[in-house]
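Each remark here refers to the structure printed beneath this line.
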Amino acid sequence: MALPKFTRSFTQQEPISEEAIAAAVEVMRSGRLHRYNAEPGEMSVASELERAFADYQGSRYCLACASGGYALQLALRAAGLEPGEPVLTNAFTLAPVPGAIAAAGGRPVLVEITEDLVVDLDDLAAKADATGARFFLASHMRGHLADMEQLAALVAERGLTMIEDCAHTMGATWNGRKSGAFGKVACFSTQTYKHMNSGEGGLLTTDDPELAARAIILSGSYMLYERHGAAPSADVFASIRLETPNNSGRMDNLRAAILLPQLADLDTNIARWNARYQAVEMRLRQVPGLKLPVRPPEEHYVGSSIQFLIPDIQPNDARRFMRQVSASGVELKWFGAEEPSAFTSTHKSWAYMEPQSLPKTDAILAGLFDMRIPLTFSVEDCRQVAEIIAASAANLPIGRAA
Ligand SMILES: *Cc1c(COP(=O)(O)O)cnc(C)c1O
């Protein structure tokens, strides 16, 4: 029996709330769009956002900046990365992550992942030893958290500085502790397809006063670092302010104005995402041949996307499966494709890096499918989408092999 075609868009976001629109209009009426366009002692909207996000995260310091990728660059530089140094990072990540390492002058060294789509701790230890790297950029790609206690212990044992890429884990926790609270510094994105939407934007959090001061100066604060919402005291900047280059990439008040009300709604939206995620997950778990990453009880995730594996699927079958679901109106991404497409790419197409051998990751990516779960879908929409995936998977020569 053919299922009805699904007709809703996988890339349509919810509108910006009327409250956020009103806040943005107020900033525009004032003409004061630049974050430092405030009276001495007055908190600009960008500073208010920094204060509010630091409180949400439970971090001492927060910097609002131009993008998540830019925040990652700043984090690496402010943590002391030297030109040419190796930086370990998960091999399953998004292009801006190795891109940020390269932009900061580092050399990405990719670490294998497991079938649960998190960093392989044995390979991390081996590559830390082999390269002598001082930095590990933990990319919580598609919201999957490694065992954060084990990871933090390994990182401490090897003397690595951990930078967390929380683009997909804003609001997530491990054992009740916020994602982003395990490393020395954490980076978040407020680009349209993440958990808060200002078009573009980034947030950096840390408890380290000197790292925060360097990041603030790097972000282009001129000598106005005292006009920040969650910054270390002025004495911390004494020498840092003169030694640190200004690489403008600030957030403006307009973006901050639309983010503040969204932050207040974030936890509500996480529950809405997870209801949708669980509707898809429940159905896909019943499909023979499909394997979903295990989500441990310690992990409180944000189900803004879902991934599944079809282990050992042949490329031709994967392409046929993609065509079938697409004909039914369901937009999947496949990480096994030869050519990068839109937001989806793998290490094989990041040709500015030294080529790296990642047999375990490559085998996983060859059978890895990925789907965005927009909040514009109802739970019922999500059930329908899952039925379409299940029906298309039933046509594959999978789950039957000996
Ligand atoms: C989106 C994203 C980033 C960077 O975000 P931008 O704001 O687009 O620079 C970093 N890491 C991951 C995993 C992402 O998905």
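Each chain in the structure tokens gets a letter, A, B and so on, in the order shown; residues start at 1 in every chain, and ligands are counted from 1 in the order they appear.
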message: Any residue with an atom at most 9 Å from ligand 1 counts, using only C-alpha atoms and all ligand atoms. Which are they? Put them as number ranges by chain.
response: A: 66-72, 92-97, 100, 139-143, 165-168, 187-194, 199-202, 343
Written selection (N, CA and C atoms) as an mmCIF file, in the first residue's frame:
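Output file part36.cif follows:
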data_model
loop_
_atom_site.group_PDB
_atom_site.id
_atom_site.type_symbol
_atom_site.label_atom_id
_atom_site.label_comp_id
_atom_site.auth_asym_id
_atom_site.auth_seq_id
_atom_site.Cartn_x
_atom_site.Cartn_y
_atom_site.Cartn_z
ATOM 1 N N ALA A 66 30.000 36.488 16.320
ATOM 2 C CA ALA A 66 29.368 36.485 15.003
ATOM 3 C C ALA A 66 28.835 35.135 14.533
ATOM 4 N N SER A 67 29.457 34.039 14.948
ATOM 5 C CA SER A 67 28.983 32.715 14.512
ATOM 6 C C SER A 67 29.569 31.644 15.417
ATOM 7 N N GLY A 68 29.039 30.439 15.297
ATOM 8 C CA GLY A 68 29.565 29.321 16.069
ATOM 9 C C GLY A 68 30.986 28.968 15.623
ATOM 10 N N GLY A 69 31.200 28.980 14.318
ATOM 11 C CA GLY A 69 32.537 28.676 13.799
ATOM 12 C C GLY A 69 33.556 29.707 14.255
ATOM 13 N N TYR A 70 33.137 30.961 14.303
ATOM 14 C CA TYR A 70 34.020 32.031 14.780
ATOM 15 C C TYR A 70 34.326 31.845 16.271
ATOM 16 N N ALA A 71 33.316 31.445 17.053
ATOM 17 C CA ALA A 71 33.529 31.188 18.486
ATOM 18 C C ALA A 71 34.568 30.080 18.668
ATOM 19 N N LEU A 72 34.515 29.051 17.820
ATOM 20 C CA LEU A 72 35.494 27.952 17.912
ATOM 21 C C LEU A 72 36.917 28.455 17.637
ATOM 22 N N PHE A 92 33.607 12.633 12.761
ATOM 23 C CA PHE A 92 32.220 12.930 12.354
ATOM 24 C C PHE A 92 31.878 14.293 12.929
ATOM 25 N N THR A 93 31.906 15.300 12.057
ATOM 26 C CA THR A 93 31.577 16.648 12.497
ATOM 27 C C THR A 93 31.155 17.464 11.282
ATOM 28 N N LEU A 94 30.892 18.736 11.497
ATOM 29 C CA LEU A 94 30.467 19.589 10.396
ATOM 30 C C LEU A 94 31.667 20.419 9.907
ATOM 31 N N ALA A 95 31.648 20.793 8.641
ATOM 32 C CA ALA A 95 32.770 21.492 8.011
ATOM 33 C C ALA A 95 33.317 22.691 8.807
ATOM 34 N N PRO A 96 32.475 23.490 9.502
ATOM 35 C CA PRO A 96 33.052 24.637 10.232
ATOM 36 C C PRO A 96 33.994 24.239 11.368
ATOM 37 N N VAL A 97 33.991 22.972 11.783
ATOM 38 C CA VAL A 97 34.857 22.574 12.903
ATOM 39 C C VAL A 97 36.315 22.423 12.449
ATOM 40 N N ALA A 100 37.458 25.844 11.497
ATOM 41 C CA ALA A 100 37.880 26.744 12.583
ATOM 42 C C ALA A 100 39.298 26.414 13.031
ATOM 43 N N SER A 139 33.510 17.639 19.359
ATOM 44 C CA SER A 139 32.342 18.088 18.619
ATOM 45 C C SER A 139 31.180 17.151 18.936
ATOM 46 N N HIS A 140 30.174 17.678 19.624
ATOM 47 C CA HIS A 140 29.017 16.844 19.986
ATOM 48 C C HIS A 140 28.069 16.817 18.791
ATOM 49 N N MET A 141 28.579 16.273 17.714
ATOM 50 C CA MET A 141 27.898 16.317 16.425
ATOM 51 C C MET A 141 26.521 15.653 16.501
ATOM 52 N N ARG A 142 25.541 16.320 15.937
ATOM 53 C CA ARG A 142 24.147 15.871 15.925
ATOM 54 C C ARG A 142 23.626 15.549 17.335
ATOM 55 N N GLY A 143 24.258 16.186 18.324
ATOM 56 C CA GLY A 143 23.726 16.122 19.685
ATOM 57 C C GLY A 143 24.092 14.884 20.464
ATOM 58 N N ASP A 165 32.356 21.744 21.288
ATOM 59 C CA ASP A 165 31.511 22.304 20.224
ATOM 60 C C ASP A 165 30.078 21.869 20.531
ATOM 61 N N CYS A 166 29.294 22.794 21.051
ATOM 62 C CA CYS A 166 27.933 22.489 21.512
ATOM 63 C C CYS A 166 26.875 23.010 20.543
ATOM 64 N N ALA A 167 27.234 23.098 19.256
ATOM 65 C CA ALA A 167 26.271 23.614 18.273
ATOM 66 C C ALA A 167 24.970 22.804 18.287
ATOM 67 N N HIS A 168 25.081 21.483 18.583
ATOM 68 C CA HIS A 168 23.869 20.637 18.591
ATOM 69 C C HIS A 168 23.486 20.191 19.995
ATOM 70 N N CYS A 187 31.519 26.315 22.875
ATOM 71 C CA CYS A 187 31.048 27.190 21.806
ATOM 72 C C CYS A 187 29.675 26.748 21.325
ATOM 73 N N PHE A 188 28.821 27.708 21.047
ATOM 74 C CA PHE A 188 27.443 27.474 20.636
ATOM 75 C C PHE A 188 27.165 28.301 19.386
ATOM 76 N N SER A 189 26.185 27.852 18.627
ATOM 77 C CA SER A 189 25.814 28.582 17.421
ATOM 78 C C SER A 189 24.351 28.995 17.517
ATOM 79 N N THR A 190 24.040 30.187 17.028
ATOM 80 C CA THR A 190 22.638 30.610 16.949
ATOM 81 C C THR A 190 22.243 30.826 15.484
ATOM 82 N N GLN A 191 22.952 30.105 14.618
ATOM 83 C CA GLN A 191 22.620 30.075 13.201
ATOM 84 C C GLN A 191 21.220 29.442 13.055
ATOM 85 N N THR A 192 20.539 29.780 11.997
ATOM 86 C CA THR A 192 19.125 29.415 11.833
ATOM 87 C C THR A 192 18.793 27.950 12.127
ATOM 88 N N TYR A 193 19.686 27.021 11.790
ATOM 89 C CA TYR A 193 19.331 25.603 11.938
ATOM 90 C C TYR A 193 19.727 25.001 13.284
ATOM 91 N N LYS A 194 20.028 25.850 14.263
ATOM 92 C CA LYS A 194 20.425 25.341 15.577
ATOM 93 C C LYS A 194 19.265 25.558 16.561
ATOM 94 N N GLY A 199 19.702 33.919 12.688
ATOM 95 C CA GLY A 199 20.299 33.944 11.349
ATOM 96 C C GLY A 199 21.733 33.469 11.440
ATOM 97 N N GLU A 200 22.574 34.300 12.042
ATOM 98 C CA GLU A 200 23.954 33.947 12.349
ATOM 99 C C GLU A 200 24.214 34.368 13.783
ATOM 100 N N GLY A 201 25.155 33.732 14.432
ATOM 101 C CA GLY A 201 25.538 34.159 15.779
ATOM 102 C C GLY A 201 26.257 33.058 16.516
ATOM 103 N N GLY A 202 27.042 33.441 17.514
ATOM 104 C CA GLY A 202 27.773 32.459 18.308
ATOM 105 C C GLY A 202 27.881 32.905 19.747
ATOM 106 N N PHE A 343 24.842 21.049 3.378
ATOM 107 C CA PHE A 343 25.535 21.085 4.666
ATOM 108 C C PHE A 343 26.320 19.799 4.949
#
- prompt: Hey, what does DSSP flag as strand (DSSP E) within stretch 131-246 of chain A? Can you give it to me as a PyMOL selection string?
  reply: chain A and resi 135-139+161-165+173-174+177-178+185-189+202-206
task: Excluding A:Ala390 and residues on its chain fewer than 3 positions from it, collect all residues at most 9 Å away from it, counting only C-alpha atoms, and give them as number ranges by chain.
output: A: 283-284, 286-288, 385-387, 393-394
Take the residues from that selection and put them in a file with C-alpha atoms, as a PDB file, in the first residue's frame.
ATOM      1  CA  ARG A 283       8.883   3.628  14.869  1.00  0.00           C
ATOM      2  CA  LEU A 284      12.393   3.326  13.427  1.00  0.00           C
ATOM      3  CA  GLN A 286      10.975  -1.540  14.940  1.00  0.00           C
ATOM      4  CA  VAL A 287      12.424  -1.562  11.408  1.00  0.00           C
ATOM      5  CA  PRO A 288      14.612  -4.611  10.706  1.00  0.00           C
ATOM      6  CA  VAL A 385       7.703  10.617   8.163  1.00  0.00           C
ATOM      7  CA  ALA A 386       8.832   7.573  10.149  1.00  0.00           C
ATOM      8  CA  GLU A 387       6.268   5.401   8.315  1.00  0.00           C
ATOM      9  CA  ALA A 393      13.565   0.422   4.169  1.00  0.00           C
ATOM     10  CA  ALA A 394      11.333  -2.621   3.704  1.00  0.00           C
TER      11      ALA A 394
END
message: My list of candidates is A:Ala271, A:Ile240, A:Ile163, A:Leu266. Which is closest to A:Gly180 when distances are computed with only C-alpha atoms?
response: A:Ile163
Give me the residues near A:Trp273 as a tab-separated table (two decimals) with N, CA and C atoms, in the first residue's frame, where near means some atom within 9 Å (using only C-alpha atoms) and where sequence neighbours in that chain fewer than 6 positions away do not count.
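Dumped to out.tsv:
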chain	number	residue	atom	x	y	z
A	302	VAL	N	18.90	16.88	22.97
A	302	VAL	CA	17.94	17.72	22.27
A	302	VAL	C	17.71	17.08	20.91
A	303	GLY	N	16.50	16.55	20.69
A	303	GLY	CA	16.23	15.77	19.49
A	303	GLY	C	15.89	16.64	18.28
A	304	SER	N	16.80	17.54	17.93
A	304	SER	CA	16.52	18.41	16.78
A	304	SER	C	16.88	17.75	15.46
A	305	SER	N	17.45	16.54	15.54
A	305	SER	CA	17.69	15.74	14.33
A	305	SER	C	17.78	14.29	14.78
A	373	ILE	N	14.74	17.49	12.30
A	373	ILE	CA	13.39	17.46	12.87
A	373	ILE	C	12.98	18.90	13.21
A	374	PRO	N	12.37	19.60	12.29
A	374	PRO	CA	12.00	20.99	12.58
A	374	PRO	C	10.79	21.07	13.51
A	375	LEU	N	10.73	22.10	14.32
A	375	LEU	CA	9.60	22.29	15.23
A	375	LEU	C	8.31	22.64	14.49
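Of the residues under consideration (A:Pro261, A:Gly249, A:Gly289, A:Gly329), A:Gly329 shows the shortest atom-to-atom contact distance to A:Asp381 when counting only C-alpha atoms.
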